[in-house]
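Enquirer: One file: structure16.txt (compact mmCIF, N, CA, C and O atoms).
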# COMPACT_ATOMS: atom_id res chain seq x y z
N MET A 1 44.04 29.48 -77.31
CA MET A 1 42.65 29.06 -77.25
C MET A 1 42.19 28.93 -75.81
O MET A 1 41.03 29.10 -75.51
N ALA A 2 43.11 28.63 -74.90
CA ALA A 2 42.74 28.43 -73.50
C ALA A 2 42.16 29.69 -72.89
O ALA A 2 41.24 29.62 -72.07
N SER A 3 42.67 30.87 -73.27
CA SER A 3 42.16 32.10 -72.69
C SER A 3 40.71 32.35 -73.11
O SER A 3 39.94 32.90 -72.34
N ILE A 4 40.35 31.93 -74.29
CA ILE A 4 38.97 32.08 -74.74
C ILE A 4 38.06 31.15 -73.95
O ILE A 4 36.98 31.52 -73.53
N ALA A 5 38.53 29.94 -73.75
CA ALA A 5 37.72 28.95 -73.03
C ALA A 5 37.45 29.41 -71.60
O ALA A 5 36.38 29.16 -71.05
N LYS A 6 38.39 30.09 -70.99
CA LYS A 6 38.19 30.57 -69.62
C LYS A 6 37.12 31.65 -69.56
O LYS A 6 36.40 31.76 -68.58
N LYS A 7 37.00 32.46 -70.59
CA LYS A 7 36.03 33.56 -70.61
C LYS A 7 34.65 33.12 -71.06
O LYS A 7 33.70 33.86 -70.96
N LYS A 8 34.54 31.90 -71.58
CA LYS A 8 33.27 31.40 -72.10
C LYS A 8 32.28 31.24 -70.94
O LYS A 8 32.59 30.63 -69.93
N PRO A 9 31.07 31.78 -71.06
CA PRO A 9 30.07 31.62 -70.00
C PRO A 9 29.70 30.15 -69.81
O PRO A 9 29.74 29.35 -70.75
N LYS A 10 29.35 29.82 -68.60
CA LYS A 10 28.97 28.46 -68.28
C LYS A 10 27.75 28.06 -69.11
O LYS A 10 26.79 28.80 -69.22
N GLY A 11 27.83 26.90 -69.74
CA GLY A 11 26.72 26.40 -70.54
C GLY A 11 26.74 26.86 -71.99
O GLY A 11 25.92 26.42 -72.80
N ALA A 12 27.67 27.74 -72.35
CA ALA A 12 27.76 28.20 -73.74
C ALA A 12 28.31 27.07 -74.60
O ALA A 12 29.16 26.30 -74.16
N PRO A 13 27.82 26.96 -75.85
CA PRO A 13 28.31 25.88 -76.71
C PRO A 13 29.76 26.11 -77.13
O PRO A 13 30.24 27.24 -77.14
N ASP A 14 30.44 25.03 -77.45
CA ASP A 14 31.81 25.13 -77.95
C ASP A 14 31.79 25.64 -79.39
O ASP A 14 30.84 25.41 -80.13
N TRP A 15 32.86 26.33 -79.76
CA TRP A 15 32.98 26.86 -81.12
C TRP A 15 33.45 25.76 -82.06
O TRP A 15 34.37 25.01 -81.74
N HIS A 16 32.80 25.64 -83.21
CA HIS A 16 33.21 24.67 -84.23
C HIS A 16 33.31 25.39 -85.56
O HIS A 16 32.34 26.00 -86.01
N ASP A 17 34.48 25.36 -86.17
CA ASP A 17 34.65 25.95 -87.49
C ASP A 17 33.95 25.08 -88.53
O ASP A 17 33.89 23.86 -88.40
N SER A 18 33.45 25.73 -89.55
CA SER A 18 32.80 25.02 -90.64
C SER A 18 33.82 24.22 -91.44
O SER A 18 34.97 24.64 -91.59
N ASP A 19 33.39 23.09 -91.98
CA ASP A 19 34.27 22.31 -92.84
C ASP A 19 34.16 22.75 -94.30
O ASP A 19 34.87 22.26 -95.17
N ALA A 20 33.27 23.70 -94.57
CA ALA A 20 33.10 24.22 -95.93
C ALA A 20 34.23 25.22 -96.24
O ALA A 20 34.69 25.93 -95.35
N PRO A 21 34.66 25.28 -97.49
CA PRO A 21 35.72 26.23 -97.84
C PRO A 21 35.22 27.68 -97.74
O PRO A 21 34.03 27.94 -97.84
N ASP A 22 36.15 28.59 -97.53
CA ASP A 22 35.80 30.01 -97.48
C ASP A 22 35.26 30.45 -98.83
O ASP A 22 35.78 30.06 -99.87
N ALA A 23 34.24 31.27 -98.80
CA ALA A 23 33.60 31.72 -100.03
C ALA A 23 34.46 32.74 -100.77
O ALA A 23 34.40 32.82 -102.00
N GLU A 24 35.24 33.53 -100.06
CA GLU A 24 36.12 34.53 -100.66
C GLU A 24 35.42 35.38 -101.70
O GLU A 24 35.90 35.58 -102.81
N GLY A 25 34.22 35.88 -101.38
CA GLY A 25 33.48 36.78 -102.26
C GLY A 25 32.59 36.09 -103.27
O GLY A 25 31.95 36.76 -104.08
N LYS A 26 32.53 34.77 -103.26
CA LYS A 26 31.73 34.06 -104.26
C LYS A 26 30.24 34.36 -104.13
O LYS A 26 29.53 34.45 -105.12
N PHE A 27 29.75 34.50 -102.90
CA PHE A 27 28.33 34.81 -102.72
C PHE A 27 27.98 36.12 -103.42
O PHE A 27 26.94 36.26 -104.02
N ARG A 28 28.89 37.06 -103.36
CA ARG A 28 28.66 38.38 -103.96
C ARG A 28 28.90 38.37 -105.47
O ARG A 28 28.14 38.95 -106.23
N ASP A 29 29.96 37.68 -105.90
CA ASP A 29 30.42 37.81 -107.28
C ASP A 29 29.78 36.84 -108.28
O ASP A 29 29.61 37.19 -109.45
N LEU A 30 29.45 35.63 -107.86
CA LEU A 30 28.91 34.64 -108.80
C LEU A 30 27.45 34.92 -109.13
O LEU A 30 26.71 35.49 -108.33
N SER A 31 27.04 34.48 -110.30
CA SER A 31 25.63 34.57 -110.68
C SER A 31 24.86 33.57 -109.82
O SER A 31 25.44 32.70 -109.16
N ILE A 32 23.54 33.68 -109.83
CA ILE A 32 22.69 32.79 -109.04
C ILE A 32 22.96 31.34 -109.41
O ILE A 32 23.15 30.48 -108.54
N SER A 33 22.99 31.04 -110.68
CA SER A 33 23.20 29.68 -111.15
C SER A 33 24.58 29.15 -110.77
O SER A 33 24.72 28.02 -110.30
N ASP A 34 25.60 29.97 -110.96
CA ASP A 34 26.97 29.56 -110.64
C ASP A 34 27.14 29.38 -109.13
O ASP A 34 27.83 28.46 -108.67
N LEU A 35 26.54 30.26 -108.35
CA LEU A 35 26.61 30.15 -106.89
C LEU A 35 25.93 28.87 -106.43
O LEU A 35 26.47 28.15 -105.58
N ALA A 36 24.79 28.55 -107.00
CA ALA A 36 24.08 27.31 -106.65
C ALA A 36 24.97 26.10 -106.96
O ALA A 36 25.09 25.19 -106.13
N SER A 37 25.61 26.10 -108.12
CA SER A 37 26.50 24.99 -108.49
C SER A 37 27.67 24.86 -107.52
O SER A 37 28.02 23.77 -107.08
N TRP A 38 28.28 26.00 -107.17
CA TRP A 38 29.41 25.99 -106.25
C TRP A 38 29.00 25.48 -104.87
O TRP A 38 29.71 24.67 -104.26
N LEU A 39 27.85 25.92 -104.39
CA LEU A 39 27.39 25.48 -103.07
C LEU A 39 27.08 23.98 -103.05
O LEU A 39 27.42 23.29 -102.10
N ILE A 40 26.45 23.50 -104.10
CA ILE A 40 26.13 22.06 -104.18
C ILE A 40 27.42 21.25 -104.15
O ILE A 40 27.52 20.24 -103.46
N LYS A 41 28.42 21.70 -104.88
CA LYS A 41 29.69 20.98 -104.95
C LYS A 41 30.44 21.04 -103.62
O LYS A 41 30.92 20.02 -103.12
N THR A 42 30.54 22.23 -103.03
CA THR A 42 31.38 22.39 -101.82
C THR A 42 30.69 21.94 -100.54
O THR A 42 31.37 21.68 -99.55
N ARG A 43 29.38 21.84 -100.54
CA ARG A 43 28.64 21.40 -99.34
C ARG A 43 28.21 19.94 -99.46
O ARG A 43 27.35 19.47 -98.74
N GLY A 44 28.79 19.22 -100.39
CA GLY A 44 28.53 17.80 -100.52
C GLY A 44 27.07 17.46 -100.79
O GLY A 44 26.58 16.45 -100.29
N ARG A 45 26.38 18.28 -101.57
CA ARG A 45 24.98 18.07 -101.92
C ARG A 45 24.06 18.03 -100.69
O ARG A 45 22.95 17.53 -100.75
N ASN A 46 24.54 18.57 -99.56
CA ASN A 46 23.78 18.58 -98.32
C ASN A 46 22.87 19.81 -98.32
O ASN A 46 23.31 20.93 -98.06
N LEU A 47 21.59 19.59 -98.58
CA LEU A 47 20.63 20.69 -98.71
C LEU A 47 20.57 21.53 -97.44
O LEU A 47 20.50 22.76 -97.49
N SER A 48 20.61 20.89 -96.30
CA SER A 48 20.54 21.60 -95.03
C SER A 48 21.70 22.58 -94.86
O SER A 48 21.50 23.73 -94.46
N LYS A 49 22.92 22.14 -95.17
CA LYS A 49 24.09 23.02 -95.07
C LYS A 49 23.99 24.19 -96.04
O LYS A 49 24.34 25.32 -95.71
N ILE A 50 23.52 23.91 -97.25
CA ILE A 50 23.43 24.95 -98.27
C ILE A 50 22.40 26.00 -97.87
O ILE A 50 22.67 27.21 -97.91
N ILE A 51 21.22 25.54 -97.47
CA ILE A 51 20.16 26.47 -97.08
C ILE A 51 20.59 27.28 -95.86
O ILE A 51 20.31 28.48 -95.76
N SER A 52 21.29 26.64 -94.92
CA SER A 52 21.77 27.36 -93.74
C SER A 52 22.74 28.47 -94.12
O SER A 52 22.67 29.58 -93.60
N SER A 53 23.65 28.18 -95.05
CA SER A 53 24.61 29.19 -95.51
C SER A 53 23.90 30.37 -96.16
O SER A 53 24.21 31.54 -95.88
N LEU A 54 22.93 30.06 -97.01
CA LEU A 54 22.21 31.12 -97.71
C LEU A 54 21.31 31.90 -96.76
O LEU A 54 21.20 33.12 -96.85
N ASN A 55 20.67 31.19 -95.84
CA ASN A 55 19.78 31.86 -94.89
C ASN A 55 20.56 32.83 -94.00
O ASN A 55 20.08 33.92 -93.68
N GLN A 56 21.77 32.45 -93.62
CA GLN A 56 22.61 33.35 -92.83
C GLN A 56 22.88 34.63 -93.61
O GLN A 56 22.82 35.73 -93.05
N GLN A 57 23.14 34.51 -94.89
CA GLN A 57 23.37 35.70 -95.72
C GLN A 57 22.12 36.57 -95.80
O GLN A 57 22.20 37.80 -95.75
N VAL A 58 20.95 35.93 -95.91
CA VAL A 58 19.68 36.67 -95.97
C VAL A 58 19.48 37.45 -94.67
O VAL A 58 19.19 38.65 -94.68
N VAL A 59 19.62 36.78 -93.55
CA VAL A 59 19.35 37.40 -92.26
C VAL A 59 20.30 38.57 -92.01
O VAL A 59 19.87 39.64 -91.55
N PHE A 60 21.58 38.41 -92.32
CA PHE A 60 22.54 39.47 -92.06
C PHE A 60 22.42 40.65 -93.01
O PHE A 60 22.90 41.74 -92.72
N ASN A 61 21.78 40.45 -94.17
CA ASN A 61 21.77 41.50 -95.19
C ASN A 61 20.38 42.01 -95.58
O ASN A 61 20.28 42.90 -96.41
N ARG A 62 19.32 41.46 -95.00
CA ARG A 62 17.97 41.82 -95.46
C ARG A 62 17.63 43.29 -95.26
O ARG A 62 16.87 43.84 -96.05
N ASN A 63 18.19 43.94 -94.26
CA ASN A 63 17.88 45.35 -94.05
C ASN A 63 18.83 46.29 -94.77
O ASN A 63 18.40 47.26 -95.39
N LYS A 64 20.13 45.97 -94.73
CA LYS A 64 21.10 46.91 -95.32
C LYS A 64 21.33 46.69 -96.81
O LYS A 64 21.80 47.58 -97.49
N ASN A 65 21.00 45.49 -97.32
CA ASN A 65 21.20 45.21 -98.74
C ASN A 65 20.12 44.25 -99.23
O ASN A 65 20.38 43.07 -99.47
N PRO A 66 18.88 44.73 -99.40
CA PRO A 66 17.77 43.86 -99.77
C PRO A 66 17.94 43.14 -101.12
O PRO A 66 17.48 42.01 -101.27
N SER A 67 18.62 43.75 -102.06
CA SER A 67 18.81 43.10 -103.36
C SER A 67 19.73 41.88 -103.22
O SER A 67 19.52 40.86 -103.88
N TYR A 68 20.73 41.97 -102.36
CA TYR A 68 21.63 40.85 -102.10
C TYR A 68 20.85 39.72 -101.41
O TYR A 68 20.99 38.55 -101.77
N ALA A 69 20.02 40.07 -100.43
CA ALA A 69 19.20 39.08 -99.74
C ALA A 69 18.25 38.39 -100.72
O ALA A 69 18.05 37.17 -100.66
N ALA A 70 17.69 39.14 -101.65
CA ALA A 70 16.80 38.56 -102.66
C ALA A 70 17.57 37.58 -103.55
O ALA A 70 17.05 36.52 -103.91
N LYS A 71 18.80 37.92 -103.90
CA LYS A 71 19.64 37.02 -104.69
C LYS A 71 19.86 35.71 -103.95
O LYS A 71 19.81 34.62 -104.54
N MET A 72 20.07 35.77 -102.63
CA MET A 72 20.29 34.57 -101.84
C MET A 72 19.02 33.71 -101.79
O MET A 72 19.08 32.48 -101.87
N ARG A 73 17.86 34.35 -101.71
CA ARG A 73 16.58 33.61 -101.71
C ARG A 73 16.38 32.90 -103.07
O ARG A 73 15.94 31.76 -103.12
N LYS A 74 16.69 33.60 -104.15
CA LYS A 74 16.57 33.00 -105.48
C LYS A 74 17.54 31.83 -105.64
O LYS A 74 17.20 30.81 -106.25
N THR A 75 18.72 31.97 -105.07
CA THR A 75 19.70 30.89 -105.12
C THR A 75 19.18 29.68 -104.36
O THR A 75 19.36 28.54 -104.80
N MET A 76 18.52 29.92 -103.22
CA MET A 76 17.91 28.81 -102.46
C MET A 76 16.93 28.04 -103.33
O MET A 76 16.92 26.81 -103.33
N ASP A 77 16.11 28.77 -104.07
CA ASP A 77 15.11 28.12 -104.94
C ASP A 77 15.79 27.26 -106.01
O ASP A 77 15.36 26.14 -106.29
N VAL A 78 16.85 27.79 -106.61
CA VAL A 78 17.58 27.05 -107.65
C VAL A 78 18.19 25.78 -107.06
O VAL A 78 18.08 24.70 -107.65
N VAL A 79 18.80 25.89 -105.89
CA VAL A 79 19.43 24.73 -105.25
C VAL A 79 18.37 23.67 -104.93
O VAL A 79 18.57 22.48 -105.21
N ARG A 80 17.26 24.08 -104.38
CA ARG A 80 16.19 23.12 -104.05
C ARG A 80 15.71 22.39 -105.30
O ARG A 80 15.54 21.18 -105.29
N ARG A 81 15.49 23.15 -106.39
CA ARG A 81 15.05 22.53 -107.64
C ARG A 81 16.07 21.52 -108.15
O ARG A 81 15.72 20.41 -108.54
N ARG A 82 17.34 21.90 -108.16
CA ARG A 82 18.37 21.01 -108.68
C ARG A 82 18.52 19.75 -107.84
O ARG A 82 18.65 18.66 -108.39
N LEU A 83 18.50 19.88 -106.54
CA LEU A 83 18.70 18.71 -105.69
C LEU A 83 17.48 17.81 -105.69
O LEU A 83 17.62 16.59 -105.64
N LYS A 84 16.29 18.37 -105.76
CA LYS A 84 15.09 17.54 -105.83
C LYS A 84 14.99 16.81 -107.15
O LYS A 84 14.57 15.65 -107.21
N LYS A 85 15.40 17.47 -108.22
CA LYS A 85 15.38 16.85 -109.55
C LYS A 85 16.34 15.66 -109.58
O LYS A 85 16.04 14.62 -110.15
N ASN A 86 17.49 15.80 -108.94
CA ASN A 86 18.49 14.73 -108.96
C ASN A 86 18.18 13.62 -107.97
O ASN A 86 18.74 12.54 -108.07
N ASP A 87 17.28 13.85 -107.02
CA ASP A 87 16.92 12.82 -106.05
C ASP A 87 15.96 11.79 -106.63
O ASP A 87 15.81 10.70 -106.11
N LYS A 88 15.28 12.15 -107.70
CA LYS A 88 14.27 11.23 -108.28
C LYS A 88 14.90 10.09 -109.00
O LYS A 88 15.97 10.05 -109.43
Translate the structure of the given file into structure tokens.
Expert:
Amino acid sequence: MASIAKKKPKGAPDWHDSDAPDAEGKFRDLSISDLASWLIKTRGRNLSKIISSLNQQVVFNRNKNPSYAAKMRKTMDVVRRRLKKNDK
């Protein structure tokens, strides 16, 4: 790790690994509803973390795989509905 730190530009942020488990293809393979449930469970019901994960998938795939990006947007909607319903 020391060799990476030496090459890091001055002022660049430190690298932090996510505490969320690896998806291992779940974003691709699970249905919208199942993916929403898995994200809510693994991200500790933290809406910000969930939306960030899904938004990253949208941004990286919106040009090369628009149907996948659309699935991620629909999953965002499902997650928002479920978490808002449970907050009341």
Enquirer: Taking only region 15-67 of chain A into account, list the residues labelled alpha helix (DSSP H) by DSSP (computed from the backbone), as a PyMOL selection string.
Expert: chain A and resi 26-29+32-42+47-61+66-67
Enquirer: From the list A:Leu47, A:Lys8, A:Asp29, A:His16, which residue is nearest Arg81 (chain A) when using only C-alpha atoms?
Expert: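 Looking at the shortest contact to Arg81 (chain A), the residue is A:Leu47.
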Enquirer: Between atom N of Ser67 (chain A) and atom N of Arg28 (chain A), measure the distance and give it in Å to one decimal.
Expert: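 Going from atom N of Ser67 (chain A) over to atom N of Arg28 (chain A) covers 12.3 Å.
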Enquirer: Identify, on the basis of only N, CA, C and O atoms, every residue whose closest approach to Ile32 (chain A) does not exceed 8 Å; exclude the query and any residue fewer than 6 positions from it along the same chain; express the result as a list in words.
Expert: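 Using only N, CA, C and O atoms, the neighbours found are Lys26, Trp38, Leu39, Lys71, Met72, Lys74, Thr75, Met76, Val78 and Val79 of chain A.
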Enquirer: Around the point (14.9, 38.0, -97.1) in the file's coordinates, collect all residues with an atom within 12 Å, using only C-alpha atoms, and return them as a list in words.
Expert: Leu54, Asn55, Gln56, Gln57, Val58, Val59, Phe60, Asn61, Arg62, Asn63, Lys64, Asn65, Pro66, Ser67, Tyr68, Ala69, Ala70, Lys71, Met72, Arg73, Lys74, Thr75 and Met76 of chain A
Enquirer: Keeping only N, CA, C and O atoms, write the selected residues as an mmCIF file, in the frame of the given file.
Expert:
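Listed below is the output, again03.cif:
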data_model
loop_
_atom_site.group_PDB
_atom_site.id
_atom_site.type_symbol
_atom_site.label_atom_id
_atom_site.label_comp_id
_atom_site.auth_asym_id
_atom_site.auth_seq_id
_atom_site.Cartn_x
_atom_site.Cartn_y
_atom_site.Cartn_z
ATOM 1 N N LEU A 54 22.930 30.060 -97.010
ATOM 2 C CA LEU A 54 22.210 31.120 -97.710
ATOM 3 C C LEU A 54 21.310 31.900 -96.760
ATOM 4 O O LEU A 54 21.200 33.120 -96.850
ATOM 5 N N ASN A 55 20.670 31.190 -95.840
ATOM 6 C CA ASN A 55 19.780 31.860 -94.890
ATOM 7 C C ASN A 55 20.560 32.830 -94.000
ATOM 8 O O ASN A 55 20.080 33.920 -93.680
ATOM 9 N N GLN A 56 21.770 32.450 -93.620
ATOM 10 C CA GLN A 56 22.610 33.350 -92.830
ATOM 11 C C GLN A 56 22.880 34.630 -93.610
ATOM 12 O O GLN A 56 22.820 35.730 -93.050
ATOM 13 N N GLN A 57 23.140 34.510 -94.890
ATOM 14 C CA GLN A 57 23.370 35.700 -95.720
ATOM 15 C C GLN A 57 22.120 36.570 -95.800
ATOM 16 O O GLN A 57 22.200 37.800 -95.750
ATOM 17 N N VAL A 58 20.950 35.930 -95.910
ATOM 18 C CA VAL A 58 19.680 36.670 -95.970
ATOM 19 C C VAL A 58 19.480 37.450 -94.670
ATOM 20 O O VAL A 58 19.190 38.650 -94.680
ATOM 21 N N VAL A 59 19.620 36.780 -93.550
ATOM 22 C CA VAL A 59 19.350 37.400 -92.260
ATOM 23 C C VAL A 59 20.300 38.570 -92.010
ATOM 24 O O VAL A 59 19.870 39.640 -91.550
ATOM 25 N N PHE A 60 21.580 38.410 -92.320
ATOM 26 C CA PHE A 60 22.540 39.470 -92.060
ATOM 27 C C PHE A 60 22.420 40.650 -93.010
ATOM 28 O O PHE A 60 22.900 41.740 -92.720
ATOM 29 N N ASN A 61 21.780 40.450 -94.170
ATOM 30 C CA ASN A 61 21.770 41.500 -95.190
ATOM 31 C C ASN A 61 20.380 42.010 -95.580
ATOM 32 O O ASN A 61 20.280 42.900 -96.410
ATOM 33 N N ARG A 62 19.320 41.460 -95.000
ATOM 34 C CA ARG A 62 17.970 41.820 -95.460
ATOM 35 C C ARG A 62 17.630 43.290 -95.260
ATOM 36 O O ARG A 62 16.870 43.840 -96.050
ATOM 37 N N ASN A 63 18.190 43.940 -94.260
ATOM 38 C CA ASN A 63 17.880 45.350 -94.050
ATOM 39 C C ASN A 63 18.830 46.290 -94.770
ATOM 40 O O ASN A 63 18.400 47.260 -95.390
ATOM 41 N N LYS A 64 20.130 45.970 -94.730
ATOM 42 C CA LYS A 64 21.100 46.910 -95.320
ATOM 43 C C LYS A 64 21.330 46.690 -96.810
ATOM 44 O O LYS A 64 21.800 47.580 -97.490
ATOM 45 N N ASN A 65 21.000 45.490 -97.320
ATOM 46 C CA ASN A 65 21.200 45.210 -98.740
ATOM 47 C C ASN A 65 20.120 44.250 -99.230
ATOM 48 O O ASN A 65 20.380 43.070 -99.470
ATOM 49 N N PRO A 66 18.880 44.730 -99.400
ATOM 50 C CA PRO A 66 17.770 43.860 -99.770
ATOM 51 C C PRO A 66 17.940 43.140 -101.120
ATOM 52 O O PRO A 66 17.480 42.010 -101.270
ATOM 53 N N SER A 67 18.620 43.750 -102.060
ATOM 54 C CA SER A 67 18.810 43.100 -103.360
ATOM 55 C C SER A 67 19.730 41.880 -103.220
ATOM 56 O O SER A 67 19.520 40.860 -103.880
ATOM 57 N N TYR A 68 20.730 41.970 -102.360
ATOM 58 C CA TYR A 68 21.630 40.850 -102.100
ATOM 59 C C TYR A 68 20.850 39.720 -101.410
ATOM 60 O O TYR A 68 20.990 38.550 -101.770
ATOM 61 N N ALA A 69 20.020 40.070 -100.430
ATOM 62 C CA ALA A 69 19.200 39.080 -99.740
ATOM 63 C C ALA A 69 18.250 38.390 -100.720
ATOM 64 O O ALA A 69 18.050 37.170 -100.660
ATOM 65 N N ALA A 70 17.690 39.140 -101.650
ATOM 66 C CA ALA A 70 16.800 38.560 -102.660
ATOM 67 C C ALA A 70 17.570 37.580 -103.550
ATOM 68 O O ALA A 70 17.050 36.520 -103.910
ATOM 69 N N LYS A 71 18.800 37.920 -103.900
ATOM 70 C CA LYS A 71 19.640 37.020 -104.690
ATOM 71 C C LYS A 71 19.860 35.710 -103.950
ATOM 72 O O LYS A 71 19.810 34.620 -104.540
ATOM 73 N N MET A 72 20.070 35.770 -102.630
ATOM 74 C CA MET A 72 20.290 34.570 -101.840
ATOM 75 C C MET A 72 19.020 33.710 -101.790
ATOM 76 O O MET A 72 19.080 32.480 -101.870
ATOM 77 N N ARG A 73 17.860 34.350 -101.710
ATOM 78 C CA ARG A 73 16.580 33.610 -101.710
ATOM 79 C C ARG A 73 16.380 32.900 -103.070
ATOM 80 O O ARG A 73 15.940 31.760 -103.120
ATOM 81 N N LYS A 74 16.690 33.600 -104.150
ATOM 82 C CA LYS A 74 16.570 33.000 -105.480
ATOM 83 C C LYS A 74 17.540 31.830 -105.640
ATOM 84 O O LYS A 74 17.200 30.810 -106.250
ATOM 85 N N THR A 75 18.720 31.970 -105.070
ATOM 86 C CA THR A 75 19.700 30.890 -105.120
ATOM 87 C C THR A 75 19.180 29.680 -104.360
ATOM 88 O O THR A 75 19.360 28.540 -104.800
ATOM 89 N N MET A 76 18.520 29.920 -103.220
ATOM 90 C CA MET A 76 17.910 28.810 -102.460
ATOM 91 C C MET A 76 16.930 28.040 -103.330
ATOM 92 O O MET A 76 16.920 26.810 -103.330
#
Enquirer: So, with all atoms listed in the file as the atoms that count, which of A:Asp77, A:Thr42, A:Arg82, A:Asp34 lies closest to Asp19 (chain A)?
Expert: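 Of all the options, A:Thr42 lies closest to Asp19 (chain A).
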Enquirer: Enclose all atoms of region 61-69 of chain A listed in the file in an axis-aligned box, grow every side by 4 Å, and hand back centre and edge lengths in Å to one decimal, as lines of an AutoDock Vina configuration file.
Expert:
center_x = 19.3
center_y = 42.4
center_z = -99.0
size_x = 12.9
size_y = 18.4
size_z = 17.8
Enquirer: Quick one: pull the distance between CA of Ala12 (chain A) and CA of Ser52 (chain A), Å, one decimal.
Expert: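 Between these atoms lies a distance of 20.9 Å.
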Enquirer: When you draw a straight line from CA of Lys85 (chain A) to atom O of Ala23 (chain A), how long is it in Å?
Expert: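 Taking CA of Lys85 (chain A) as the start and atom O of Ala23 (chain A) as the end point, the length is 26.0 Å.
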Enquirer: Kindly indicate which residue among A:Phe27, A:Pro21, A:Trp15, A:Pro9 lies nearest to Lys41 (chain A), using only C-alpha atoms for the distances.
Expert: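 Of the candidates, the smallest distance to Lys41 (chain A) is held by A:Pro21.
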